[in-house]
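Enquirer: Provided herewith is a single structure, encoded as structure tokens, for subsequent inquiry.
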Amino acid sequence: MAPRDQVLAEELDSESIELGDFGEDQPRAPAYAYPEPDRGKHAWLFLWRYQSYRRVALIVGTFTTCLAVLASAFSSKVWHLLLTQGVLYGLGASVVNTVTIQFLNEWFIERKGLAFGIQESGAGMGGIIIPYVSTEHLGCDSLVADNSNRVLMTWGLDKYGHRTMLISWFIAIAVLSVPSIYFLRARVKPPATTSTSELGTLGFLTTPIFVILQAGNIFQALGNFLPGIHLPTFAQLFGASPLDAAGMLSLYNAATVIGSICTGYLVDRYHVSVALFLLSLGAAAAVFLAWGFAANFSALCAFAFLYGVFAGGWSSTWVGISLEVQKRSPRADLGVLWGFAAAARGVGSIASGPISERLIADGFGKTTWWPNSYGTSYGVLILFNGAMLTLGGVGCAGRICEILRRIGHRHNE
């Protein structure tokens with residue numbers, strides 16, 4: 001058998017593993033950022049054909065992101081903002097994030113999960129410094145009446161206007177991101193071009209392990225963002241001030257930093273199903289118990305912290321999920337797998353907004369006899385939130401099936 005045919009046959013065999021086999025008994029791929037040299041051209045789909053242009057893409061993406069923010073400062077119509085902060089900023093930031101993930105995957109092998117966990121914690125760190133609460137959540141009257149209760153970003157927009165604040169935002173992004181380009185480099189020089197047969201590496205899409213883990217990712221996304229969207233408004237039911245609401249969001253963001261790093265550590269030391277189980281169970285329990293039975297603002301702050309620890313670290317499991325999929329499809333690229341996970345999360349985040357608004361509207365006056373937070377118009381939303389987070393742990397099903405099957409084999413022996 002020719003070497004190429006043999007490689008393809010081995011991959012087909014690895015992709016035919018049943019759902020219950022989570023790969024613990026399967027031989028691990030060598031600890032290389034890239035596969036062996038003779039298979040390198042089949043392994044990486046980034047930029048599809050022109051992998052050597054990743055650094056150029058990083059530079060272009062960084063400047064596109066910065067200039068999009070600067071251009072938005074001079075917007076005078078809604079479509080200007082949609083073009084700059086919506087399209088251009090989104091494209092630039094996506095390119096930067098994708099290239100960064102690729103480089104990070106090359107440089108870290110043994111502590112890959114922890115490295116990605118620290119990277120994912122960056123979003124939470126930003127939320128600690130600037131806990132943004134919209135004017136709708138804070139209430140215009142309070143913004144005008146008391147400067148001490150204004151959140152940094154909202155206060156700046158109100159006092160200096162959007163142009164000054166967006167220019168300041170542009171300066172901050174440029175100062176932090178442009179110099180970092182120098183330090184972001186590939187560890188291994190990829191080939192200049194690759195063949196169009198790279199499309200074949202998408203074979204992992206049909207593997208049962210990818211389908212079930214992706215389904216869990218979508219379920220989790222449907223519930224993940226709901227507390228962050230509605231907690232500031234919900235806190236007003238307990239008499240929380242705008243400053244209190246901002247502090248609660250900062251507490252949540254601080255907890256996501258802890259959750260992201262700890263989850264990355266778990267992924268390195270244990271099977272990814274352990275992290276999926278703990279995060280799903282912890283987040284769902286926090287929603288059902290801490291939010292559902294919250295009777296005052298202090299209890300709500302405790303919920304925000306617990307929820308941030310468990311739900312905030314979910315994206316740090318993606319590296320573990322990707323490595324599990326790669327055990328079946330060795331040619332699957334971690335960057336592409338990460339992209340599919342992020343896309344599924346995006347679908348869930350977009351859908352969760354309209355769904356939650358409908359649940360709140362339909363739940364108004366229907367749960368008044370329920371205790372504490374369940375008795376508000378948010379009662380049905382809380383139940384939906386907890387249910388989706390519970391279903392997010394569906395990725396553990398394959399691992400559980402494998403363990404039960406092993407126990408059955410030992411019993412029969």
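Labels for the structure tokens follow display order: chains A, B, ..., residues from 1 in each chain, ligands from 1.
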Stretch 311-317 of chain A: which residues within 6 Å, counting only C-alpha atoms, same-chain residues fewer than 2 positions away excluded, as a list in words?
Expert: Gly117, Thr256, Gly259, Ser260, Thr263, Gly264, Ala283, Tyr307, Gly308, Val309, Val319 and Gly320 of chain A
Enquirer: May I have the residues within 12 Å of A:Thr100 as an MDAnalysis selection string, using only C-alpha atoms and disregarding those fewer than 2 positions away in the same chain?
Expert: chainID A and resid 46 54:55 57:59 61:62 93:98 102:107 115:116 119:120 177 180:181 183:187 334:335 338
Enquirer: Can I get the selection written as an mmCIF file, in the first residue's frame, with C-alpha atoms?
Expert:
data_model
loop_
_atom_site.group_PDB
_atom_site.id
_atom_site.type_symbol
_atom_site.label_atom_id
_atom_site.label_comp_id
_atom_site.auth_asym_id
_atom_site.auth_seq_id
_atom_site.Cartn_x
_atom_site.Cartn_y
_atom_site.Cartn_z
ATOM 1 C CA PHE A 46 -5.753 28.102 8.276
ATOM 2 C CA ARG A 54 -0.694 34.186 8.812
ATOM 3 C CA ARG A 55 1.554 36.894 10.205
ATOM 4 C CA ALA A 57 -3.125 38.446 8.299
ATOM 5 C CA LEU A 58 -2.372 39.201 11.964
ATOM 6 C CA ILE A 59 -1.011 42.644 11.084
ATOM 7 C CA GLY A 61 -6.442 42.197 11.250
ATOM 8 C CA THR A 62 -4.940 44.298 14.052
ATOM 9 C CA ALA A 93 -10.867 40.812 15.611
ATOM 10 C CA SER A 94 -11.789 37.372 14.260
ATOM 11 C CA VAL A 95 -8.627 37.206 12.164
ATOM 12 C CA VAL A 96 -6.466 38.294 15.101
ATOM 13 C CA ASN A 97 -8.085 35.753 17.412
ATOM 14 C CA THR A 98 -7.735 32.909 14.905
ATOM 15 C CA GLN A 102 -2.862 28.973 15.838
ATOM 16 C CA PHE A 103 0.363 30.391 17.252
ATOM 17 C CA LEU A 104 -0.592 29.489 20.819
ATOM 18 C CA ASN A 105 -1.266 25.910 19.713
ATOM 19 C CA GLU A 106 2.227 25.676 18.250
ATOM 20 C CA TRP A 107 4.097 26.996 21.272
ATOM 21 C CA ALA A 115 -2.271 28.316 28.094
ATOM 22 C CA PHE A 116 -5.630 28.550 26.358
ATOM 23 C CA GLN A 119 -5.823 33.411 26.947
ATOM 24 C CA GLU A 120 -9.579 33.047 27.409
ATOM 25 C CA SER A 177 -2.247 45.497 20.489
ATOM 26 C CA SER A 180 2.282 42.846 20.778
ATOM 27 C CA ILE A 181 2.439 41.930 17.075
ATOM 28 C CA PHE A 183 5.962 38.927 19.977
ATOM 29 C CA LEU A 184 3.304 36.867 18.161
ATOM 30 C CA ARG A 185 5.215 34.533 15.874
ATOM 31 C CA ALA A 186 4.828 31.055 14.468
ATOM 32 C CA ARG A 187 6.977 28.344 15.981
ATOM 33 C CA LEU A 334 -7.285 22.808 16.084
ATOM 34 C CA GLY A 335 -7.888 26.286 14.697
ATOM 35 C CA TRP A 338 -12.005 26.087 17.570
#
Enquirer: Counting only C-alpha atoms, figure out which residue out of A:Trp169, A:Phe108, A:Phe305, A:Phe234 gets nearest to A:Ser377.
Expert: A:Phe234
Enquirer: Out of A:Leu337, A:Ala123, A:Ala172, A:Val287, which residue has the shortest atom-to-atom distance to A:Leu306 when counting only C-alpha atoms?
Expert: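 Counting only C-alpha atoms, the residue closest to A:Leu306 is A:Val287.
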Enquirer: Mind pulling up the distance from atom CA of A:Thr84 to atom CA of A:Gly161?
Expert: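 Separation between atom CA of A:Gly161 and atom CA of A:Thr84: 17.8 Å.
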Enquirer: Using only C-alpha atoms for the distances, tell me which of A:Leu83, A:Leu383, A:Leu166, A:Ala290 is nearest to A:Leu70.
Expert: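 When distances to A:Leu70 are compared using only C-alpha atoms, the smallest one comes from A:Leu166.
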Enquirer: Can you tell me, as a short mmCIF file (atom, residue, chain, number, x, y, z; two decimals) with C-alpha atoms, in the first residue's frame, what residues are no more than 7 Å from stretch 354-361 of chain A when counting only C-alpha atoms, ignoring any on the same chain fewer than 2 positions away?
Expert:
data_model
loop_
_atom_site.label_atom_id
_atom_site.label_comp_id
_atom_site.auth_asym_id
_atom_site.auth_seq_id
_atom_site.Cartn_x
_atom_site.Cartn_y
_atom_site.Cartn_z
CA ALA A 351 -30.71 32.99 19.57
CA SER A 352 -30.70 33.33 23.36
CA GLY A 363 -43.75 34.41 32.25
CA PHE A 364 -45.06 37.70 33.56
CA SER A 377 -41.35 37.43 35.72
CA TYR A 378 -37.87 35.89 35.35
CA VAL A 380 -39.45 30.75 33.53
CA LEU A 381 -36.21 32.25 32.21
#
Enquirer: If you run DSSP on the backbone, which residues of stretch 167-389 of chain A are alpha helix (DSSP H), as a ChimeraX atom specification?
Expert: /A:167-177,208-224,226-235,242-269,272-285,297-311,318-328,334-363,379-389
Enquirer: Tell me, as JSON, numbers by chain, which residues lie within 9 Å of A:Phe288, counting only C-alpha atoms; anything in the same chain fewer than 2 positions away does not count.
Expert: {"A": [283, 284, 285, 286, 290, 291, 292, 293, 382, 383, 385, 386, 387]}
Enquirer: Store the residues picked out above in a file with C-alpha atoms, as a PDB file, in the first residue's frame.
Expert:
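Contents of again02.pdb, freshly written:
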ATOM      1  CA  ALA A 283     -23.387  26.353  36.456  1.00  0.00           C
ATOM      2  CA  ALA A 284     -26.811  24.679  36.419  1.00  0.00           C
ATOM      3  CA  ALA A 285     -26.814  24.319  40.218  1.00  0.00           C
ATOM      4  CA  ALA A 286     -25.858  27.988  40.581  1.00  0.00           C
ATOM      5  CA  ALA A 290     -28.400  30.547  43.916  1.00  0.00           C
ATOM      6  CA  TRP A 291     -30.365  32.614  41.389  1.00  0.00           C
ATOM      7  CA  GLY A 292     -33.705  30.873  41.721  1.00  0.00           C
ATOM      8  CA  PHE A 293     -33.816  31.212  45.504  1.00  0.00           C
ATOM      9  CA  ILE A 382     -34.302  30.877  35.209  1.00  0.00           C
ATOM     10  CA  LEU A 383     -35.672  27.389  34.564  1.00  0.00           C
ATOM     11  CA  ASN A 385     -31.304  28.882  31.725  1.00  0.00           C
ATOM     12  CA  GLY A 386     -30.611  25.999  34.087  1.00  0.00           C
ATOM     13  CA  ALA A 387     -32.032  23.418  31.671  1.00  0.00           C
TER      14      ALA A 387
END
Enquirer: From the options A:Phe238, A:Tyr89, A:Phe219, A:Phe63, which residue's atoms come nearest to A:Gly392, counting only C-alpha atoms?
Expert: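 Ranked by minimum distance to A:Gly392, first place goes to A:Phe219.
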Enquirer: Give me, please, the distance in Å between atom CA of A:Ser72 and atom CA of A:His230, quoted to one decimal.
Expert: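 One can read the atom CA of A:Ser72 to atom CA of A:His230 distance as 27.0 Å.
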Enquirer: Using only C-alpha atoms, what does the table of stretch 275-372 of chain A residues within 12 Å of stretch 398-407 of chain A look like, with each row giving the shortest atom pair and its distance in Å to one decimal, sorted by chain and ascending number, as a tab-separated table?
Expert:
residue	atom	partner	partner_atom	distance
A:Ala275	CA	A:Arg399	CA	12.0
A:Leu276	CA	A:Arg399	CA	10.8
A:Phe277	CA	A:Arg399	CA	10.4
A:Glu324	CA	A:Arg399	CA	11.3
Enquirer: Restrict the selected residues to N, CA, C and O atoms and save them as a JSON list (two decimals), in the first residue's frame.
Expert:
[["chain", "number", "residue", "atom", "x", "y", "z"],
["A", 275, "ALA", "N", -14.14, 18.02, 33.01],
["A", 275, "ALA", "CA", -14.37, 19.47, 33.02],
["A", 275, "ALA", "C", -15.78, 19.80, 32.56],
["A", 275, "ALA", "O", -16.46, 20.65, 33.14],
["A", 276, "LEU", "N", -16.25, 19.12, 31.50],
["A", 276, "LEU", "CA", -17.60, 19.37, 30.99],
["A", 276, "LEU", "C", -18.65, 19.06, 32.06],
["A", 276, "LEU", "O", -19.62, 19.81, 32.23],
["A", 277, "PHE", "N", -18.45, 17.96, 32.76],
["A", 277, "PHE", "CA", -19.40, 17.57, 33.80],
["A", 277, "PHE", "C", -19.43, 18.57, 34.95],
["A", 277, "PHE", "O", -20.50, 19.01, 35.39],
["A", 324, "GLU", "N", -9.74, 15.74, 21.60],
["A", 324, "GLU", "CA", -10.49, 14.50, 21.53],
["A", 324, "GLU", "C", -10.91, 14.19, 20.10],
["A", 324, "GLU", "O", -10.83, 13.05, 19.64]]
